[in-house]
Each structure stands twice: as C-alpha cells, then as structure tokens.
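Asks: The structure's right below; bear with me while I get my questions together.
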Amino acid sequence: MLYATTSAADKRAAFRARLASGELLRFPGAFNPLSARLIEQRGFEGVYISGAVLSADLGLPDIGLTTLTEVAGRSRQIARVTDLPALVDADTGFGEPMNVARSVQEMEDAGVAGLHIEDQVNPKRCGHLDGKEVVGLDLAVRRIRAAVDGRRDPNLLIMARTDVRGVEGLDAATDRARALVDAGADAIFPEAMATLAEFEAMRAAVDVPILANMTEFGKSELFSVDSLRDVGVSIVIWPVSLLRLAMGSAVRGLDELQSAGHLTGLLGQMQHRADLYDLLDYESYGRFDSNVFTFTVTKD
Ligand SMILES: C[C@](O)(C(=O)O)[C@H](CC(=O)O)C(=O)O
Ligand SMILES: [Mg+2]
C-alpha cells in the first residue's frame, strides 16, 4: 500500500547479499512505477530503470537528452513502490567526473540499490548501435572513482558499463573491465556482447558480478536465463521489453479501434480491472477510510 515497506538501505543490503550468494538475479525493465509492482508481483528479483525507456517515454531518442533530475525523479517514483532492489541506468553520469559524484548522490537519495555509469563519449547512444565511441581509459577510470567516492551508503552498487566490446573488440573490453574494477567498480556491465563465450571470457577476466543485457533487436542473441547462469552471469536485464510489449499491444488496440470501432474483441488481452486493483492493493486503503473500497469487481 502506498509505498514499499523496505528501506532503501535494507534493499541495498539484501541486494548485496543475494549477489554474493551467486544466484542469477532477473531484472526486467520497469517503464513506470506500476510496471515495477507487476515485476515484483510476478516473482522477479529486481527492477531495472532504463535510460532508453525513460527517453522514449518522454518522446526522445536515447542520446543523453534526459537530465539528472528527470532520471533521479523517475528512479524515486519506481524505487518507492517496490521492495525489490532497483538498478538505474545513469548513462555517462551526466557530465564530468564531479557531476558523476553528484549524480550518484542523487540516485542514492532516490532510493535505488545500484546504478551504472558507462564509458561512452557524450552524446552517448544505445550501446547496440554502430558508430558509438568510447572515452579513454583515464576518463573512464575517473568516472568510476568519482562514483565510488560520491556514495555515502557503501552498499550502493556502483556498476561500470563498458561499451568497448563494440568498438575495439573483446580483449580490449576485458582489459577495460579489469581497470574499472581496480578503480572500485562493484560489478561490470559489458555492453553488446555477441556470444555466450564472450560472457564467459568476461566472467573469467574479473572477480566481480557481471550483467547481461538481453535487449531485443540489438547485437546480442537473446540467451535464456539458464544459459546465462551456466556462463556465470549474475544479473540479467530486459531493459526495454515491457515497453515494447505494451506498445505492441497499444498499436494493435488502436488499429482495432480504427477498424472495428470498439475493443470488445481485445478484452481478453487487457489487464482486468480486478487485477489492476489487486496490484494497487486497493482494498487495503480501507484501513484509512472504510468508504474507499465498498464494491466488488469480479472476473467472469
Ligand atoms: C540498456 C540500455 O542502456 C537502456 O537504456 O536500457 C540500452 C537498451 C537499448 O537501447 O536497447 C542499451 O544501450 O543497450
Ligand atoms: Mg541506456
């Protein structure tokens, strides 16, 4: 009801413990707070807050146009409604290393359990597109050091994302990842890995958890949870999938409305009012006021 019952500090501690246990944690991308509740209800271990989704949600391409305030605001809205840890995409950290430190503090205050900072140049782009560029090792390392120095809660997970694989190849990416771990990164997000063998090589190169990005229509094949677990991946994200599914449904619904003039044929594909109210925990608001939930909604 209203908000999560677990404090941000407890969520971070629990996230750290689960990561240390070696299990594979599944983080679908929440495109809004409501979908974060759904992710929790359906039994996943965490929620991912995607930069691509946030920009698309605002009608913008994912090229670093969103501001720290917008990303921290959306992170706060999402983190507060779920007991799951939230991992947020902090892009390049919104500026110079000093901005990275400030960004980390804002995200920490927003209640997330972790965030990732990438080594692309500004303006950044989706890591699965051609033509991206990465910064030199020195700046990449300074971003991560600034992030680590900026946090106040030592359990806030600072993940370093490296985009080097798509630019200079796997060996350069593992070298970069090792340097980022030496700089203090708690986990590595190797972007645009092509094969399971590449994940395995990255796994062997660093002694911190690694993340697999199973974004659709990109450079990586869509590996199953089982195969990613087998190669030692610790966190898997499906950053944009729920938005893609929802938008796909919206397109079909609008087309049906154009052609049929009503949506009766699609009722079976809609979230039922009863399920929405259940997800919102509507009934429990009677605790404040017994006049709030005085009706029944049944599914036939
Ligand atoms: C993970 C990612 O950074 C995101 O913003 O969700 C994107 C996802 C995408 O564009 O498909 C990425 O750069 O991979
Ligand atoms: Mg992103």
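Each chain in the structure tokens gets a letter, A, B and so on, in the order shown; residues start at 1 in every chain, and ligands are counted from 1 in the order they appear.
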Enumerate residues in contact with ligand 2: an atom-to-atom distance of at most 10 Å, counting only C-alpha atoms and all ligand atoms. Format the result as number ranges by chain.
Replies: A: 49-55, 62-64, 88-92, 116-118, 124-128, 161, 239-240
Asks: Pull C-alpha atoms from the residues just selected and write them as an mmCIF file, in the first residue's frame.
Replies:
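Listing of out_31.cif after writing:
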```
data_model
loop_
_atom_site.group_PDB
_atom_site.id
_atom_site.type_symbol
_atom_site.label_atom_id
_atom_site.label_comp_id
_atom_site.auth_asym_id
_atom_site.auth_seq_id
_atom_site.Cartn_x
_atom_site.Cartn_y
_atom_site.Cartn_z
ATOM 1 C CA ILE A 49 15.267 1.518 -14.807
ATOM 2 C CA SER A 50 16.334 2.047 -18.390
ATOM 3 C CA GLY A 51 17.597 5.258 -19.930
ATOM 4 C CA ALA A 52 16.283 4.147 -23.304
ATOM 5 C CA VAL A 53 12.815 3.661 -21.825
ATOM 6 C CA LEU A 54 12.821 6.937 -19.930
ATOM 7 C CA SER A 55 13.835 8.885 -23.019
ATOM 8 C CA ASP A 62 18.322 7.820 -26.225
ATOM 9 C CA ILE A 63 21.171 10.253 -26.875
ATOM 10 C CA GLY A 64 21.744 11.790 -23.478
ATOM 11 C CA VAL A 88 19.222 2.530 -12.667
ATOM 12 C CA ASP A 89 20.950 3.447 -15.900
ATOM 13 C CA ALA A 90 22.888 6.629 -15.137
ATOM 14 C CA ASP A 91 24.272 6.846 -18.700
ATOM 15 C CA THR A 92 27.645 8.630 -18.653
ATOM 16 C CA HIS A 116 25.658 2.002 -13.838
ATOM 17 C CA ILE A 117 27.969 4.544 -15.389
ATOM 18 C CA GLU A 118 29.226 3.934 -18.916
ATOM 19 C CA LYS A 124 26.027 8.723 -25.947
ATOM 20 C CA ARG A 125 23.822 6.375 -27.900
ATOM 21 C CA CYS A 126 22.214 2.967 -27.465
ATOM 22 C CA GLY A 127 25.058 0.507 -26.926
ATOM 23 C CA HIS A 128 23.698 -1.796 -29.631
ATOM 24 C CA ARG A 161 29.400 -0.354 -18.001
ATOM 25 C CA PRO A 239 15.566 -3.181 -20.284
ATOM 26 C CA VAL A 240 13.010 -2.202 -22.903
#
```
Asks: Within segment 9-196 of chain A, find each residue whose DSSP state, derived from the backbone, is helix (DSSP H, G or I), and express the selection as a PyMOL selection string.
Replies: chain A and resi 9-20+33-41+51-57+68-79+97-110+137-150+165-168+170-182+196
Asks: Produce a file of the selected residues containing C-alpha atoms, as a PDB file, in the first residue's frame.
Replies:
```
ATOM      1  CA  ALA A   9      19.373   0.780   2.953  1.00  0.00           C
ATOM      2  CA  ASP A  10      17.791  -2.614   3.621  1.00  0.00           C
ATOM      3  CA  LYS A  11      17.084  -3.143  -0.081  1.00  0.00           C
ATOM      4  CA  ARG A  12      20.728  -2.421  -0.863  1.00  0.00           C
ATOM      5  CA  ALA A  13      21.971  -4.785   1.826  1.00  0.00           C
ATOM      6  CA  ALA A  14      19.631  -7.533   0.625  1.00  0.00           C
ATOM      7  CA  PHE A  15      20.737  -6.972  -2.983  1.00  0.00           C
ATOM      8  CA  ARG A  16      24.386  -7.290  -1.980  1.00  0.00           C
ATOM      9  CA  ALA A  17      23.664 -10.493  -0.077  1.00  0.00           C
ATOM     10  CA  ARG A  18      21.788 -12.062  -2.979  1.00  0.00           C
ATOM     11  CA  LEU A  19      24.535 -11.122  -5.412  1.00  0.00           C
ATOM     12  CA  ALA A  20      27.114 -12.664  -3.099  1.00  0.00           C
ATOM     13  CA  PRO A  33       6.052   2.542 -11.108  1.00  0.00           C
ATOM     14  CA  LEU A  34       3.004   0.382 -11.858  1.00  0.00           C
ATOM     15  CA  SER A  35       5.016  -1.993 -14.012  1.00  0.00           C
ATOM     16  CA  ALA A  36       7.588  -2.221 -11.208  1.00  0.00           C
ATOM     17  CA  ARG A  37       4.827  -3.531  -8.962  1.00  0.00           C
ATOM     18  CA  LEU A  38       3.937  -6.069 -11.619  1.00  0.00           C
ATOM     19  CA  ILE A  39       7.558  -7.233 -11.841  1.00  0.00           C
ATOM     20  CA  GLU A  40       7.564  -7.760  -8.083  1.00  0.00           C
ATOM     21  CA  GLN A  41       4.176  -9.500  -8.104  1.00  0.00           C
ATOM     22  CA  GLY A  51      17.597   5.258 -19.930  1.00  0.00           C
ATOM     23  CA  ALA A  52      16.283   4.147 -23.304  1.00  0.00           C
ATOM     24  CA  VAL A  53      12.815   3.661 -21.825  1.00  0.00           C
ATOM     25  CA  LEU A  54      12.821   6.937 -19.930  1.00  0.00           C
ATOM     26  CA  SER A  55      13.835   8.885 -23.019  1.00  0.00           C
ATOM     27  CA  ALA A  56      11.345   7.039 -25.224  1.00  0.00           C
ATOM     28  CA  ASP A  57       8.667   7.690 -22.613  1.00  0.00           C
ATOM     29  CA  LEU A  68      19.803  14.016 -13.908  1.00  0.00           C
ATOM     30  CA  THR A  69      16.677  15.465 -12.299  1.00  0.00           C
ATOM     31  CA  GLU A  70      14.409  13.501 -14.635  1.00  0.00           C
ATOM     32  CA  VAL A  71      16.256  10.217 -14.162  1.00  0.00           C
ATOM     33  CA  ALA A  72      16.520  10.615 -10.384  1.00  0.00           C
ATOM     34  CA  GLY A  73      12.834  11.598 -10.234  1.00  0.00           C
ATOM     35  CA  ARG A  74      11.718   8.542 -12.169  1.00  0.00           C
ATOM     36  CA  SER A  75      14.040   6.371 -10.048  1.00  0.00           C
ATOM     37  CA  ARG A  76      12.460   7.705  -6.877  1.00  0.00           C
ATOM     38  CA  GLN A  77       8.938   7.058  -8.192  1.00  0.00           C
ATOM     39  CA  ILE A  78       9.847   3.488  -9.057  1.00  0.00           C
ATOM     40  CA  ALA A  79      12.009   2.628  -6.053  1.00  0.00           C
ATOM     41  CA  PRO A  97      33.569  13.150 -13.030  1.00  0.00           C
ATOM     42  CA  MET A  98      32.402  15.735 -10.478  1.00  0.00           C
ATOM     43  CA  ASN A  99      28.918  15.541 -11.998  1.00  0.00           C
ATOM     44  CA  VAL A 100      29.140  11.766 -11.747  1.00  0.00           C
ATOM     45  CA  ALA A 101      29.679  12.063  -7.985  1.00  0.00           C
ATOM     46  CA  ARG A 102      26.668  14.355  -7.665  1.00  0.00           C
ATOM     47  CA  SER A 103      24.579  12.005  -9.813  1.00  0.00           C
ATOM     48  CA  VAL A 104      25.448   9.095  -7.544  1.00  0.00           C
ATOM     49  CA  GLN A 105      24.270  11.019  -4.510  1.00  0.00           C
ATOM     50  CA  GLU A 106      21.015  11.988  -6.208  1.00  0.00           C
ATOM     51  CA  MET A 107      20.351   8.373  -7.195  1.00  0.00           C
ATOM     52  CA  GLU A 108      21.216   7.204  -3.715  1.00  0.00           C
ATOM     53  CA  ASP A 109      18.771   9.730  -2.264  1.00  0.00           C
ATOM     54  CA  ALA A 110      16.174   8.466  -4.761  1.00  0.00           C
ATOM     55  CA  LEU A 137      40.919   4.710 -20.029  1.00  0.00           C
ATOM     56  CA  ASP A 138      41.886   7.674 -17.876  1.00  0.00           C
ATOM     57  CA  LEU A 139      38.480   9.363 -18.076  1.00  0.00           C
ATOM     58  CA  ALA A 140      36.617   6.062 -17.752  1.00  0.00           C
ATOM     59  CA  VAL A 141      38.534   5.322 -14.555  1.00  0.00           C
ATOM     60  CA  ARG A 142      37.983   8.829 -13.192  1.00  0.00           C
ATOM     61  CA  ARG A 143      34.229   8.479 -13.705  1.00  0.00           C
ATOM     62  CA  ILE A 144      34.154   5.283 -11.666  1.00  0.00           C
ATOM     63  CA  ARG A 145      36.421   6.645  -8.923  1.00  0.00           C
ATOM     64  CA  ALA A 146      34.184   9.696  -8.640  1.00  0.00           C
ATOM     65  CA  ALA A 147      31.111   7.470  -8.414  1.00  0.00           C
ATOM     66  CA  VAL A 148      32.641   5.342  -5.677  1.00  0.00           C
ATOM     67  CA  ASP A 149      33.824   8.409  -3.736  1.00  0.00           C
ATOM     68  CA  GLY A 150      30.397  10.013  -4.097  1.00  0.00           C
ATOM     69  CA  ARG A 165      33.451  -4.548 -26.940  1.00  0.00           C
ATOM     70  CA  GLY A 166      31.533  -2.987 -29.850  1.00  0.00           C
ATOM     71  CA  VAL A 167      34.339  -0.554 -30.656  1.00  0.00           C
ATOM     72  CA  GLU A 168      37.669  -2.310 -30.061  1.00  0.00           C
ATOM     73  CA  LEU A 170      36.592  -8.419 -26.671  1.00  0.00           C
ATOM     74  CA  ASP A 171      40.214  -8.342 -25.475  1.00  0.00           C
ATOM     75  CA  ALA A 172      40.133  -4.573 -25.148  1.00  0.00           C
ATOM     76  CA  ALA A 173      36.805  -4.880 -23.306  1.00  0.00           C
ATOM     77  CA  THR A 174      38.174  -7.340 -20.742  1.00  0.00           C
ATOM     78  CA  ASP A 175      41.239  -5.103 -20.213  1.00  0.00           C
ATOM     79  CA  ARG A 176      38.953  -2.110 -19.696  1.00  0.00           C
ATOM     80  CA  ALA A 177      36.733  -4.073 -17.320  1.00  0.00           C
ATOM     81  CA  ARG A 178      39.710  -5.104 -15.183  1.00  0.00           C
ATOM     82  CA  ALA A 179      40.818  -1.480 -14.932  1.00  0.00           C
ATOM     83  CA  LEU A 180      37.319  -0.385 -13.938  1.00  0.00           C
ATOM     84  CA  VAL A 181      37.213  -2.996 -11.191  1.00  0.00           C
ATOM     85  CA  ASP A 182      40.610  -1.764  -9.973  1.00  0.00           C
ATOM     86  CA  LEU A 196      27.882 -16.789 -24.564  1.00  0.00           C
TER      87      LEU A 196
END
```
Asks: Check the DSSP output for the backbone and give back, as number ranges by chain, the residues of segment 83-284 of chain A in strand (DSSP E or B).
Replies: A: 86-89, 114-118, 120, 134, 157-162, 187-190, 210-213, 235-238
